[in-house]
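Asks: So here's input_12.tsv (TSV, C-alpha atoms and all ligand atoms).
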```tsv
chain	number	residue	atom	x	y	z
A	10	MET	CA	-18.24	-7.25	-48.35
A	11	SER	CA	-16.04	-4.51	-46.85
A	12	HIS	CA	-13.37	-5.37	-44.31
A	13	ASP	CA	-15.14	-3.31	-41.63
A	14	THR	CA	-18.43	-5.16	-41.93
A	15	ILE	CA	-19.86	-6.17	-38.58
A	16	GLN	CA	-20.80	-9.84	-38.60
A	17	VAL	CA	-23.92	-10.42	-36.49
A	18	LEU	CA	-25.41	-13.81	-35.73
A	19	LEU	CA	-29.18	-13.79	-35.15
A	20	VAL	CA	-30.39	-16.79	-33.13
A	21	GLU	CA	-34.19	-16.73	-33.42
A	22	ASP	CA	-36.71	-19.52	-34.01
A	23	SER	CA	-39.69	-17.27	-34.74
A	24	ALA	CA	-39.81	-16.61	-38.46
A	25	ALA	CA	-41.80	-13.42	-37.95
A	26	ASP	CA	-39.30	-11.95	-35.45
A	27	ALA	CA	-36.37	-12.97	-37.63
A	28	TYR	CA	-38.00	-11.33	-40.64
A	29	LEU	CA	-38.40	-8.11	-38.67
A	30	MET	CA	-34.74	-8.05	-37.62
A	31	GLU	CA	-33.60	-8.74	-41.17
A	32	LYS	CA	-35.81	-5.94	-42.39
A	33	PHE	CA	-34.44	-3.49	-39.81
A	34	LEU	CA	-30.89	-4.27	-40.79
A	35	ALA	CA	-31.44	-4.62	-44.55
A	36	ASP	CA	-30.25	-1.08	-45.30
A	37	GLU	CA	-27.30	-1.22	-42.92
A	38	GLU	CA	-24.35	-1.66	-45.25
A	39	THR	CA	-21.86	-2.18	-42.44
A	40	ILE	CA	-23.86	-4.97	-40.74
A	41	ASN	CA	-24.09	-8.46	-42.18
A	42	LEU	CA	-26.73	-10.67	-40.56
A	43	VAL	CA	-26.56	-14.48	-40.47
A	44	HIS	CA	-29.67	-16.22	-39.18
A	45	VAL	CA	-29.94	-19.60	-37.37
A	46	GLU	CA	-32.93	-21.08	-35.55
A	47	CYS	CA	-31.56	-23.03	-32.60
A	48	LEU	CA	-28.73	-22.89	-30.05
A	49	ASN	CA	-26.77	-25.92	-31.25
A	50	GLU	CA	-26.68	-24.55	-34.74
A	51	ALA	CA	-25.54	-21.18	-33.34
A	52	LEU	CA	-22.72	-22.78	-31.32
A	53	ASP	CA	-21.56	-24.67	-34.45
A	54	VAL	CA	-21.59	-21.55	-36.60
A	55	LEU	CA	-19.72	-19.57	-33.92
A	56	LYS	CA	-16.97	-22.23	-33.91
A	57	GLU	CA	-16.52	-22.03	-37.66
A	58	LYS	CA	-16.67	-18.33	-38.32
A	59	PRO	CA	-15.74	-15.18	-36.35
A	60	PHE	CA	-18.71	-13.00	-35.39
A	61	ASN	CA	-18.68	-9.53	-33.82
A	62	ALA	CA	-21.99	-9.87	-31.96
A	63	VAL	CA	-24.91	-12.22	-31.30
A	64	LEU	CA	-28.60	-11.29	-31.16
A	65	LEU	CA	-29.96	-14.02	-28.94
A	66	ASP	CA	-33.56	-15.04	-28.43
A	67	LEU	CA	-33.83	-16.83	-25.07
A	68	SER	CA	-36.62	-19.33	-25.88
A	69	LEU	CA	-35.25	-21.64	-28.52
A	70	PRO	CA	-36.36	-25.18	-29.40
A	71	ASP	CA	-33.23	-26.68	-27.80
A	72	SER	CA	-32.62	-24.20	-24.98
A	73	ARG	CA	-34.80	-22.04	-22.77
A	74	SER	CA	-34.44	-18.96	-20.65
A	75	ILE	CA	-31.19	-17.98	-18.95
A	76	LYS	CA	-29.44	-21.24	-19.88
A	77	THR	CA	-29.29	-19.99	-23.48
A	78	VAL	CA	-27.08	-17.08	-22.38
A	79	GLN	CA	-24.99	-19.20	-20.03
A	80	GLN	CA	-24.16	-21.68	-22.76
A	81	THR	CA	-23.45	-19.10	-25.44
A	82	HIS	CA	-21.30	-17.02	-23.08
A	83	SER	CA	-19.35	-19.96	-21.63
A	84	THR	CA	-18.51	-21.31	-25.11
A	85	ASN	CA	-17.64	-17.84	-26.46
A	86	PRO	CA	-16.79	-15.55	-23.52
A	87	GLU	CA	-15.43	-12.83	-25.82
A	88	ILE	CA	-18.48	-12.38	-28.04
A	89	PRO	CA	-20.88	-9.54	-27.16
A	90	ILE	CA	-24.45	-10.82	-26.67
A	91	VAL	CA	-27.62	-8.76	-27.06
A	92	VAL	CA	-30.56	-10.68	-25.62
A	93	LEU	CA	-34.01	-10.49	-27.22
A	94	THR	CA	-36.77	-10.89	-24.65
A	95	GLY	CA	-40.53	-10.85	-24.51
A	96	LEU	CA	-42.47	-7.97	-22.98
A	97	ASP	CA	-42.81	-9.54	-19.52
A	98	ASP	CA	-39.28	-10.99	-19.35
A	99	GLU	CA	-37.46	-8.06	-17.80
A	100	GLU	CA	-36.29	-10.08	-14.78
A	101	ILE	CA	-34.76	-12.69	-17.04
A	102	ALA	CA	-33.14	-9.94	-19.07
A	103	ILE	CA	-31.43	-8.57	-15.95
A	104	ALA	CA	-30.30	-12.10	-15.04
A	105	ALA	CA	-28.92	-12.40	-18.59
A	106	LEU	CA	-26.77	-9.30	-18.03
A	107	ARG	CA	-25.38	-10.90	-14.89
A	108	GLU	CA	-24.48	-13.98	-16.91
A	109	GLY	CA	-22.37	-11.93	-19.34
A	110	ALA	CA	-24.85	-10.50	-21.89
A	111	GLN	CA	-24.01	-6.90	-22.83
A	112	ASP	CA	-27.53	-5.60	-23.43
A	113	TYR	CA	-31.15	-6.62	-23.99
A	114	LEU	CA	-33.93	-5.51	-26.29
A	115	VAL	CA	-37.63	-6.08	-25.65
A	116	LYS	CA	-39.34	-7.60	-28.70
A	117	GLY	CA	-42.24	-5.52	-29.89
A	118	GLU	CA	-40.44	-2.36	-28.76
A	119	ILE	CA	-37.45	-2.64	-31.08
A	120	ASN	CA	-36.95	-0.18	-33.91
A	121	ARG	CA	-34.18	0.10	-36.44
A	122	ALA	CA	-32.18	2.80	-34.64
A	123	TRP	CA	-32.33	0.97	-31.29
A	124	LEU	CA	-31.20	-2.27	-32.82
A	125	VAL	CA	-28.22	-0.74	-34.60
A	126	ARG	CA	-27.23	1.22	-31.51
A	127	ALA	CA	-27.52	-1.87	-29.26
A	128	ILE	CA	-25.21	-3.82	-31.58
A	129	HIS	CA	-22.58	-1.04	-31.66
A	130	TYR	CA	-22.74	-0.40	-27.91
A	131	ALA	CA	-22.48	-4.10	-27.09
A	132	ILE	CA	-19.32	-4.40	-29.18
A	133	GLU	CA	-17.81	-1.26	-27.60
A	134	ARG	CA	-18.64	-2.38	-24.07
A	135	GLN	CA	-17.15	-5.80	-24.64
A	136	GLN	CA	-13.93	-4.20	-25.91
A	137	HIS	CA	-13.71	-1.99	-22.82
A	138	LEU	CA	-14.37	-4.97	-20.58
A	139	GLU	CA	-11.55	-6.89	-22.20
A	140	GLN	CA	-9.20	-3.91	-21.84
A	141	LEU	CA	-10.14	-3.63	-18.17
A	142	GLN	CA	-9.59	-7.33	-17.58
A	143	HIS	CA	-6.24	-7.09	-19.32
A	144	LEU	CA	-5.17	-4.09	-17.21
A	145	ASN	CA	-6.33	-5.85	-14.07
A	146	GLN	CA	-4.21	-8.89	-14.88
A	147	GLU	CA	-1.23	-6.62	-15.58
A	148	LEU	CA	-1.72	-4.91	-12.23
A	149	MET	CA	-1.93	-8.19	-10.36
A	150	ARG	CA	1.17	-9.46	-12.12
A	151	SER	CA	3.22	-6.33	-11.37
A	152	ASN	CA	2.04	-6.38	-7.74
A	153	GLN	CA	3.17	-9.96	-7.38
A	154	GLU	CA	6.50	-9.09	-8.99
A	155	LEU	CA	6.96	-6.20	-6.59
A	156	GLU	CA	6.22	-8.37	-3.57
A	157	GLN	CA	8.57	-11.04	-4.83
A	158	PHE	CA	11.24	-8.35	-5.33
A	159	ALA	CA	10.79	-6.97	-1.80
A	160	TYR	CA	10.99	-10.48	-0.42
A	161	VAL	CA	14.17	-11.43	-2.30
A	162	VAL	CA	15.90	-8.13	-1.55
A	163	SER	CA	15.12	-8.22	2.16
A	164	HIS	CA	16.10	-11.87	2.41
A	165	ASP	CA	19.46	-11.33	0.69
A	166	LEU	CA	20.26	-8.18	2.66
A	167	GLN	CA	20.01	-9.97	5.97
A	168	GLN	CA	23.05	-12.14	5.35
A	169	PRO	CA	25.82	-9.48	4.79
A	170	LEU	CA	24.31	-7.50	7.65
A	171	GLN	CA	24.82	-10.43	10.00
A	172	VAL	CA	28.51	-10.49	8.95
A	173	ILE	CA	28.91	-6.76	9.77
A	174	PHE	CA	27.12	-7.26	13.08
A	175	GLY	CA	29.27	-10.30	14.00
A	176	PHE	CA	32.58	-8.54	13.28
A	177	ALA	CA	31.48	-5.36	15.07
A	178	ARG	CA	30.77	-7.45	18.19
A	179	LEU	CA	34.20	-9.12	17.89
A	180	LEU	CA	35.88	-5.72	17.63
A	181	GLU	CA	33.90	-4.46	20.60
A	182	ASN	CA	35.23	-7.39	22.64
A	183	ALA	CA	38.77	-6.88	21.37
A	184	TYR	CA	38.71	-3.20	22.47
A	185	SER	CA	36.87	-3.72	25.74
A	186	ASP	CA	40.07	-3.29	27.80
A	187	ARG	CA	41.01	-0.03	25.99
A	188	PRO	CA	38.21	2.41	26.93
A	189	THR	CA	39.99	5.50	25.55
A	190	GLU	CA	40.34	4.13	21.98
A	191	SER	CA	38.09	5.88	19.47
A	192	ALA	CA	36.85	2.47	18.29
A	193	ASN	CA	35.03	2.21	21.59
A	194	ARG	CA	33.12	5.40	20.81
A	195	TYR	CA	32.01	4.34	17.35
A	196	LEU	CA	31.32	0.63	17.73
A	197	PRO	CA	28.12	0.89	19.84
A	198	ASP	CA	26.58	3.12	17.14
A	199	ILE	CA	27.59	0.68	14.40
A	200	ILE	CA	26.03	-2.19	16.35
A	201	LYS	CA	22.84	-0.22	17.05
A	202	ALA	CA	22.51	0.73	13.37
A	203	THR	CA	22.96	-2.86	12.18
A	204	GLN	CA	20.36	-4.03	14.72
A	205	HIS	CA	17.92	-1.41	13.46
A	206	MET	CA	18.56	-2.37	9.85
A	207	SER	CA	18.08	-6.04	10.70
A	208	GLN	CA	14.72	-5.17	12.32
A	209	LEU	CA	13.77	-3.14	9.22
A	210	ILE	CA	14.56	-6.08	6.96
A	211	GLN	CA	12.65	-8.50	9.19
A	212	ASP	CA	9.61	-6.19	9.21
A	213	LEU	CA	9.80	-5.74	5.43
A	214	LEU	CA	9.97	-9.50	5.00
A	215	ASN	CA	6.87	-9.91	7.17
A	216	TYR	CA	5.11	-7.18	5.19
A	217	SER	CA	5.91	-8.74	1.81
A	218	ARG	CA	4.90	-12.20	3.04
A	219	VAL	CA	1.29	-11.17	3.80
A	220	GLY	CA	-0.94	-12.54	1.08
A	221	LYS	CA	1.69	-14.98	-0.19
A	222	SER	CA	1.20	-17.62	2.48
A	223	ALA	CA	0.01	-21.01	1.32
A	224	GLN	CA	-1.76	-21.34	4.67
A	225	SER	CA	-5.52	-21.59	4.30
A	226	LEU	CA	-8.23	-19.89	6.36
A	227	GLU	CA	-9.09	-21.78	9.51
A	228	GLN	CA	-11.40	-21.59	12.50
A	229	LEU	CA	-9.45	-19.86	15.27
A	230	ASP	CA	-10.18	-18.82	18.82
A	231	SER	CA	-9.14	-15.15	18.91
A	232	LYS	CA	-8.74	-15.43	22.71
A	233	ALA	CA	-6.13	-18.16	22.22
A	234	ILE	CA	-4.34	-16.00	19.63
A	235	LEU	CA	-4.24	-13.15	22.11
A	236	ASP	CA	-2.90	-15.43	24.88
A	237	GLN	CA	-0.03	-16.37	22.60
A	238	VAL	CA	0.67	-12.70	21.83
A	239	LEU	CA	0.54	-11.80	25.54
A	240	SER	CA	3.03	-14.53	26.31
A	241	ASP	CA	5.37	-13.30	23.53
A	242	LEU	CA	5.13	-9.75	24.88
A	243	SER	CA	5.40	-10.70	28.58
A	244	PRO	CA	8.83	-8.99	29.07
A	245	SER	CA	7.49	-5.57	27.97
A	246	ILE	CA	4.20	-6.16	29.84
A	247	HIS	CA	6.16	-6.78	33.05
A	248	GLN	CA	8.52	-3.92	32.44
A	249	SER	CA	5.76	-1.38	31.85
A	250	LYS	CA	3.47	-2.86	34.56
A	251	ALA	CA	0.69	-2.87	31.96
A	252	VAL	CA	-2.86	-3.91	32.83
A	253	ILE	CA	-4.53	-5.74	29.95
A	254	THR	CA	-8.20	-6.74	29.82
A	255	THR	CA	-10.16	-8.59	27.15
A	256	ASN	CA	-13.86	-8.81	26.42
A	257	GLY	CA	-15.99	-10.98	24.10
A	258	LEU	CA	-13.19	-12.38	21.93
A	259	PRO	CA	-14.89	-14.72	19.42
A	260	MET	CA	-14.08	-17.65	17.12
A	261	ILE	CA	-12.91	-16.27	13.77
A	262	THR	CA	-12.07	-17.61	10.32
A	263	ALA	CA	-8.58	-16.37	9.49
A	264	HIS	CA	-4.89	-17.11	8.87
A	265	GLU	CA	-3.29	-17.95	12.21
A	266	THR	CA	0.20	-16.45	11.70
A	267	GLN	CA	-1.29	-13.25	10.28
A	268	MET	CA	-3.64	-12.88	13.25
A	269	VAL	CA	-0.72	-13.32	15.67
A	270	GLN	CA	1.11	-10.60	13.75
A	271	LEU	CA	-1.93	-8.29	13.68
A	272	PHE	CA	-2.74	-8.52	17.41
A	273	GLY	CA	0.99	-8.50	18.20
A	274	ASN	CA	1.64	-5.24	16.31
A	275	LEU	CA	-1.39	-3.44	17.75
A	276	LEU	CA	-0.69	-4.58	21.29
A	277	SER	CA	3.03	-3.81	21.21
A	278	ASN	CA	2.21	-0.31	19.92
A	279	ALA	CA	-0.32	0.15	22.75
A	280	LEU	CA	2.45	-0.74	25.21
A	281	LYS	CA	5.15	1.28	23.45
A	282	TYR	CA	3.29	4.56	22.98
A	283	HIS	CA	2.21	4.98	26.61
A	284	THR	CA	2.70	8.05	28.78
A	285	PRO	CA	5.44	8.04	31.43
A	286	GLU	CA	2.86	9.21	34.02
A	287	HIS	CA	1.14	5.88	34.59
A	288	PRO	CA	1.36	2.22	33.50
A	289	PRO	CA	-0.57	1.43	30.29
A	290	HIS	CA	-4.15	0.16	30.52
A	291	VAL	CA	-5.09	-1.74	27.37
A	292	LYS	CA	-8.52	-3.16	26.51
A	293	ILE	CA	-9.07	-5.65	23.68
A	294	PHE	CA	-12.72	-6.20	22.79
A	295	ALA	CA	-14.94	-7.51	20.01
A	296	GLU	CA	-18.58	-7.01	19.02
A	297	VAL	CA	-20.62	-8.48	16.22
A	298	HIS	CA	-22.06	-5.97	13.69
A	299	GLN	CA	-24.30	-7.44	10.98
A	300	ASN	CA	-21.99	-9.80	9.09
A	301	GLU	CA	-18.68	-8.75	10.57
A	302	TRP	CA	-16.73	-8.73	13.81
A	303	LEU	CA	-15.57	-5.37	15.05
A	304	PHE	CA	-12.37	-5.62	17.11
A	305	GLY	CA	-10.89	-2.80	19.15
A	306	VAL	CA	-7.51	-2.35	20.84
A	307	GLN	CA	-7.83	0.61	23.20
A	308	ASP	CA	-4.98	2.26	25.10
A	309	ASP	CA	-4.60	5.27	27.38
A	310	GLY	CA	-1.30	6.35	25.87
A	311	ILE	CA	0.04	9.46	24.14
A	312	GLY	CA	-2.65	9.51	21.44
A	313	ILE	CA	-2.47	10.70	17.81
A	314	GLU	CA	-3.47	13.97	16.13
A	315	PRO	CA	-6.49	13.48	13.81
A	316	GLU	CA	-4.53	14.78	10.78
A	317	ASN	CA	-2.23	11.74	11.12
A	318	PHE	CA	-4.98	9.09	11.31
A	319	ASP	CA	-4.51	7.95	7.69
A	320	GLN	CA	-0.80	8.58	7.36
A	321	ILE	CA	0.25	6.13	10.09
A	322	PHE	CA	-1.09	3.17	8.08
A	323	GLN	CA	1.33	3.93	5.24
A	324	ILE	CA	4.64	2.11	5.16
A	325	PHE	CA	7.63	3.91	6.80
A	326	GLN	CA	5.39	6.68	8.19
A	327	ARG	CA	6.31	7.46	11.79
A	328	LEU	CA	5.32	10.38	13.99
A	329	HIS	CA	8.28	10.19	16.35
A	330	HIS	CA	12.02	10.06	16.22
A	331	ARG	CA	13.61	6.70	16.90
A	332	LYS	CA	15.40	8.10	19.96
A	333	GLU	CA	11.99	8.88	21.49
A	334	TYR	CA	10.20	5.65	20.52
A	335	PRO	CA	12.03	2.88	18.62
A	336	GLY	CA	10.40	1.40	15.53
A	337	THR	CA	10.49	0.94	11.77
A	338	GLY	CA	7.12	2.37	10.64
A	339	ILE	CA	6.08	-0.91	9.03
A	340	GLY	CA	3.85	-2.37	11.77
A	341	LEU	CA	0.56	-0.62	10.96
A	342	ALA	CA	1.08	-0.97	7.18
A	343	THR	CA	1.39	-4.72	7.79
A	344	CYS	CA	-1.78	-4.66	9.95
A	345	LYS	CA	-3.65	-2.91	7.11
A	346	LYS	CA	-2.43	-5.44	4.56
A	347	ILE	CA	-3.44	-8.36	6.81
A	348	VAL	CA	-6.91	-6.97	7.56
A	349	GLU	CA	-7.61	-6.13	3.90
A	350	ASN	CA	-6.32	-9.54	2.88
A	351	HIS	CA	-9.09	-10.96	5.10
A	352	GLY	CA	-11.75	-8.70	3.55
A	353	GLY	CA	-11.88	-6.23	6.48
A	354	ARG	CA	-11.08	-2.57	7.24
A	355	ILE	CA	-8.80	-0.93	9.82
A	356	TRP	CA	-8.82	2.60	11.27
A	357	VAL	CA	-7.96	4.57	14.38
A	358	ASP	CA	-9.81	6.92	16.67
A	359	SER	CA	-7.70	8.90	19.10
A	360	THR	CA	-7.42	11.96	21.32
A	361	PRO	CA	-3.90	13.28	21.89
A	362	GLY	CA	-2.96	12.96	25.56
A	363	THR	CA	-5.90	10.65	26.31
A	364	GLY	CA	-5.34	7.50	24.22
A	365	SER	CA	-6.10	5.66	20.99
A	366	THR	CA	-8.42	2.89	19.86
A	367	PHE	CA	-7.44	0.89	16.80
A	368	TYR	CA	-10.49	-0.76	15.21
A	369	PHE	CA	-10.56	-3.49	12.59
A	370	THR	CA	-13.26	-5.68	11.11
A	371	LEU	CA	-13.24	-9.30	9.97
A	372	PRO	CA	-16.11	-10.92	8.04
A	373	THR	CA	-18.03	-13.41	10.19
A	374	LEU	CA	-18.22	-15.83	7.16
A	401	LIG	P1	6.41	1.85	14.46
A	401	LIG	O1	5.70	1.63	15.74
A	401	LIG	O2	7.45	0.85	14.16
A	401	LIG	O3	6.89	3.25	14.30
A	401	LIG	P2	3.83	1.50	13.16
A	401	LIG	O4	3.54	1.37	11.70
A	401	LIG	O5	3.40	0.41	14.07
A	401	LIG	O6	5.38	1.70	13.23
A	401	LIG	O7	3.18	2.85	13.66
A	401	LIG	C1	3.30	4.03	12.88
A	401	LIG	C2	3.22	5.25	13.78
A	401	LIG	O8	1.90	5.38	14.31
A	401	LIG	C3	4.12	5.18	14.99
A	401	LIG	O9	5.42	5.65	14.68
A	401	LIG	C4	3.39	6.08	15.99
A	401	LIG	O10	3.74	7.42	15.76
A	401	LIG	C5	1.93	5.91	15.64
A	401	LIG	N1	1.25	4.94	16.55
A	401	LIG	C6	1.03	3.63	16.31
A	401	LIG	N2	0.35	3.07	17.33
A	401	LIG	C7	0.15	4.05	18.24
A	401	LIG	C8	-0.53	4.11	19.52
A	401	LIG	N3	-1.10	3.03	20.06
A	401	LIG	N4	-0.54	5.30	20.15
A	401	LIG	C9	0.02	6.39	19.60
A	401	LIG	N5	0.66	6.42	18.42
A	401	LIG	C10	0.72	5.24	17.73
```
In structure tokens, write the structure found in this file.

Replies:
Amino acid sequence: MSHDTIQVLLVEDSAADAYLMEKFLADEETINLVHVECLNEALDVLKEKPFNAVLLDLSLPDSRSIKTVQQTHSTNPEIPIVVLTGLDDEEIAIAALREGAQDYLVKGEINRAWLVRAIHYAIERQQHLEQLQHLNQELMRSNQELEQFAYVVSHDLQQPLQVIFGFARLLENAYSDRPTESANRYLPDIIKATQHMSQLIQDLLNYSRVGKSAQSLEQLDSKAILDQVLSDLSPSIHQSKAVITTNGLPMITAHETQMVQLFGNLLSNALKYHTPEHPPHVKIFAEVHQNEWLFGVQDDGIGIEPENFDQIFQIFQRLHHRKEYPGTGIGLATCKKIVENHGGRIWVDSTPGTGSTFYFTLPTL
């Protein structure tokens, strides 16, 4: 037997069908067929000897219908299965594919070429599937590594920054009675820069934490979440004389801290990017659409050009200079990560000079 011979296990209790398969494959020098008549025997043989593919009849003396596939696949997830079905069994055949079979052949319609092709394709498909699964695992692993890296870096950067900040404040105090000294000109900028960097690190930490929390999903009142956010933001609400209204905020299934962050980021942006002409009016509403909640945070602020609608959800992407509007460009990227982590979508609709509405969805579950 050559090294490249394909070992195929035929599991078939009908002698006539088995004879036909053997006959079809008799001239195939690269395929070696081993025949058994029941599932238990097949599972035993598969344990003892490596096979490249299984031709599996679904109605066996010791197993019927879809269970035959389930059992074969769960004991040998890597082996490609080609199911052999009767003429009127197409529904079962489709169910078999869902359970991990690679292909099916309808008995009575099989010919030699089809059989050989089905065996080769099933083996190829299984190999691609395994490669895909492997790549997927690699991707997940490197993503986790990256998040862990961002977390560790931002955490460790915070500490030396606090030292710089502390000494800069001490120097500022020490020079407070000497207004003409050049130190007095430079220190406020040093302090401002360290504060900005500290905010950047804090925002990066929050961003990298999304998805890592051990907290489980819970039933939450989104109105209560918003009340907490409004209370946290009360200084800027007072300062800007903002008017905030809510409508139809429902119970949701979500991570509490992430929801506080999500509503907090959207609302603080709605307050921050307002026009100087009038105090901000912000509406927060929710509607049910099929199997998801659609939330909206609507403002009457400066608005956004349509060509920037996607860009603003990317990390560090800002449309304004920090002197105009302070910020780190991480808020909306964090919102996107939170919403997608909950199985939803987020987007913006806006007219420059009129205002913006940020929409996001959450599954109703
Ligand atoms: P930050 O506010 O820290 O800059 P974000 O990620 O929250 O970062 O927002 C990214 C950019 O999107 C902002 O710099 C701003 O240009 C724009 N933006 C966000 N929210 C609004 C809004 N409500 N109105 C107008 N522009 C907005």

Asks: Per residue of chain A within 9 Å of ligand LIG 401 (chain A), note the shortest atom pair and the distance in Å to one decimal, counting all atoms listed in the file, and order the rows by chain and increasing residue number, as JSON lines.

Replies:
```
{"residue": "A:Leu209", "atom": "CA", "partner": "A:LIG401", "partner_atom": "O2", "distance": 9.0}
{"residue": "A:Asp212", "atom": "CA", "partner": "A:LIG401", "partner_atom": "O2", "distance": 8.9}
{"residue": "A:Asn274", "atom": "CA", "partner": "A:LIG401", "partner_atom": "O5", "distance": 6.3}
{"residue": "A:Leu275", "atom": "CA", "partner": "A:LIG401", "partner_atom": "N2", "distance": 6.8}
{"residue": "A:Leu276", "atom": "CA", "partner": "A:LIG401", "partner_atom": "N3", "distance": 7.7}
{"residue": "A:Ser277", "atom": "CA", "partner": "A:LIG401", "partner_atom": "N3", "distance": 8.1}
{"residue": "A:Asn278", "atom": "CA", "partner": "A:LIG401", "partner_atom": "N2", "distance": 4.6}
{"residue": "A:Ala279", "atom": "CA", "partner": "A:LIG401", "partner_atom": "N3", "distance": 4.0}
{"residue": "A:Leu280", "atom": "CA", "partner": "A:LIG401", "partner_atom": "N3", "distance": 7.3}
{"residue": "A:Lys281", "atom": "CA", "partner": "A:LIG401", "partner_atom": "N3", "distance": 7.3}
{"residue": "A:Tyr282", "atom": "CA", "partner": "A:LIG401", "partner_atom": "N4", "distance": 4.8}
{"residue": "A:His283", "atom": "CA", "partner": "A:LIG401", "partner_atom": "N4", "distance": 7.0}
{"residue": "A:Val306", "atom": "CA", "partner": "A:LIG401", "partner_atom": "N3", "distance": 8.4}
{"residue": "A:Gln307", "atom": "CA", "partner": "A:LIG401", "partner_atom": "N3", "distance": 7.8}
{"residue": "A:Asp308", "atom": "CA", "partner": "A:LIG401", "partner_atom": "N3", "distance": 6.4}
{"residue": "A:Asp309", "atom": "CA", "partner": "A:LIG401", "partner_atom": "N4", "distance": 8.3}
{"residue": "A:Gly310", "atom": "CA", "partner": "A:LIG401", "partner_atom": "N4", "distance": 5.9}
{"residue": "A:Ile311", "atom": "CA", "partner": "A:LIG401", "partner_atom": "C9", "distance": 5.5}
{"residue": "A:Gly312", "atom": "CA", "partner": "A:LIG401", "partner_atom": "C9", "distance": 4.5}
{"residue": "A:Ile313", "atom": "CA", "partner": "A:LIG401", "partner_atom": "C9", "distance": 5.3}
{"residue": "A:Glu314", "atom": "CA", "partner": "A:LIG401", "partner_atom": "N5", "distance": 8.9}
{"residue": "A:Asn317", "atom": "CA", "partner": "A:LIG401", "partner_atom": "O8", "distance": 8.2}
{"residue": "A:Phe318", "atom": "CA", "partner": "A:LIG401", "partner_atom": "O8", "distance": 8.4}
{"residue": "A:Gln320", "atom": "CA", "partner": "A:LIG401", "partner_atom": "O8", "distance": 8.1}
{"residue": "A:Ile321", "atom": "CA", "partner": "A:LIG401", "partner_atom": "O8", "distance": 4.6}
{"residue": "A:Phe322", "atom": "CA", "partner": "A:LIG401", "partner_atom": "O4", "distance": 6.1}
{"residue": "A:Gln323", "atom": "CA", "partner": "A:LIG401", "partner_atom": "O4", "distance": 7.3}
{"residue": "A:Ile324", "atom": "CA", "partner": "A:LIG401", "partner_atom": "O4", "distance": 6.7}
{"residue": "A:Phe325", "atom": "CA", "partner": "A:LIG401", "partner_atom": "O4", "distance": 6.9}
{"residue": "A:Gln326", "atom": "CA", "partner": "A:LIG401", "partner_atom": "C1", "distance": 5.8}
{"residue": "A:Arg327", "atom": "CA", "partner": "A:LIG401", "partner_atom": "O9", "distance": 3.5}
{"residue": "A:Leu328", "atom": "CA", "partner": "A:LIG401", "partner_atom": "O10", "distance": 3.8}
{"residue": "A:His329", "atom": "CA", "partner": "A:LIG401", "partner_atom": "O10", "distance": 5.4}
{"residue": "A:His330", "atom": "CA", "partner": "A:LIG401", "partner_atom": "O9", "distance": 8.1}
{"residue": "A:Arg331", "atom": "CA", "partner": "A:LIG401", "partner_atom": "O3", "distance": 8.0}
{"residue": "A:Tyr334", "atom": "CA", "partner": "A:LIG401", "partner_atom": "O3", "distance": 7.4}
{"residue": "A:Pro335", "atom": "CA", "partner": "A:LIG401", "partner_atom": "O2", "distance": 6.7}
{"residue": "A:Gly336", "atom": "CA", "partner": "A:LIG401", "partner_atom": "O2", "distance": 3.3}
{"residue": "A:Thr337", "atom": "CA", "partner": "A:LIG401", "partner_atom": "O2", "distance": 3.9}
{"residue": "A:Gly338", "atom": "CA", "partner": "A:LIG401", "partner_atom": "O6", "distance": 3.2}
{"residue": "A:Ile339", "atom": "CA", "partner": "A:LIG401", "partner_atom": "O4", "distance": 4.3}
{"residue": "A:Gly340", "atom": "CA", "partner": "A:LIG401", "partner_atom": "O5", "distance": 3.6}
{"residue": "A:Leu341", "atom": "CA", "partner": "A:LIG401", "partner_atom": "O4", "distance": 3.7}
{"residue": "A:Ala342", "atom": "CA", "partner": "A:LIG401", "partner_atom": "O4", "distance": 5.7}
{"residue": "A:Thr343", "atom": "CA", "partner": "A:LIG401", "partner_atom": "O4", "distance": 7.5}
{"residue": "A:Cys344", "atom": "CA", "partner": "A:LIG401", "partner_atom": "O4", "distance": 8.2}
{"residue": "A:Val357", "atom": "CA", "partner": "A:LIG401", "partner_atom": "N2", "distance": 8.9}
{"residue": "A:Ser359", "atom": "CA", "partner": "A:LIG401", "partner_atom": "N4", "distance": 8.1}
{"residue": "A:Pro361", "atom": "CA", "partner": "A:LIG401", "partner_atom": "C9", "distance": 8.3}
{"residue": "A:Gly364", "atom": "CA", "partner": "A:LIG401", "partner_atom": "N4", "distance": 6.7}
{"residue": "A:Ser365", "atom": "CA", "partner": "A:LIG401", "partner_atom": "N4", "distance": 5.6}
{"residue": "A:Thr366", "atom": "CA", "partner": "A:LIG401", "partner_atom": "N3", "distance": 7.3}
{"residue": "A:Phe367", "atom": "CA", "partner": "A:LIG401", "partner_atom": "N3", "distance": 7.4}
```

Asks: To one decimal place in Å, what is the distance between CA of Glu118 in chain A and CA of Ala27 in chain A?

Replies: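 Between CA of Glu118 in chain A and CA of Ala27 in chain A the gap is 14.4 Å.
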
Asks: Please determine, counting all atoms listed in the file, which residue among A:Val291, A:Met268, A:Ile128, A:Cys47 has the shortest atom-to-atom distance to Lys346 in chain A.

Replies: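 Result for the nearest residue to Lys346 in chain A: A:Met268.
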
Asks: So that I can see what lies close to range 91-101 of chain A, please list as an MDAnalysis selection string the residues with an atom at most 8 Å from it, counting all atoms listed in the file and leaving out residues fewer than 5 positions away in the same chain.

Replies: chainID A and resid 62:67 74:75 78 110:117 127:128 131

Asks: Mind pulling up the distance from CA of Tyr160 in chain A to CA of Ser207 in chain A?

Replies: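 These atoms are spaced 13.9 Å apart.
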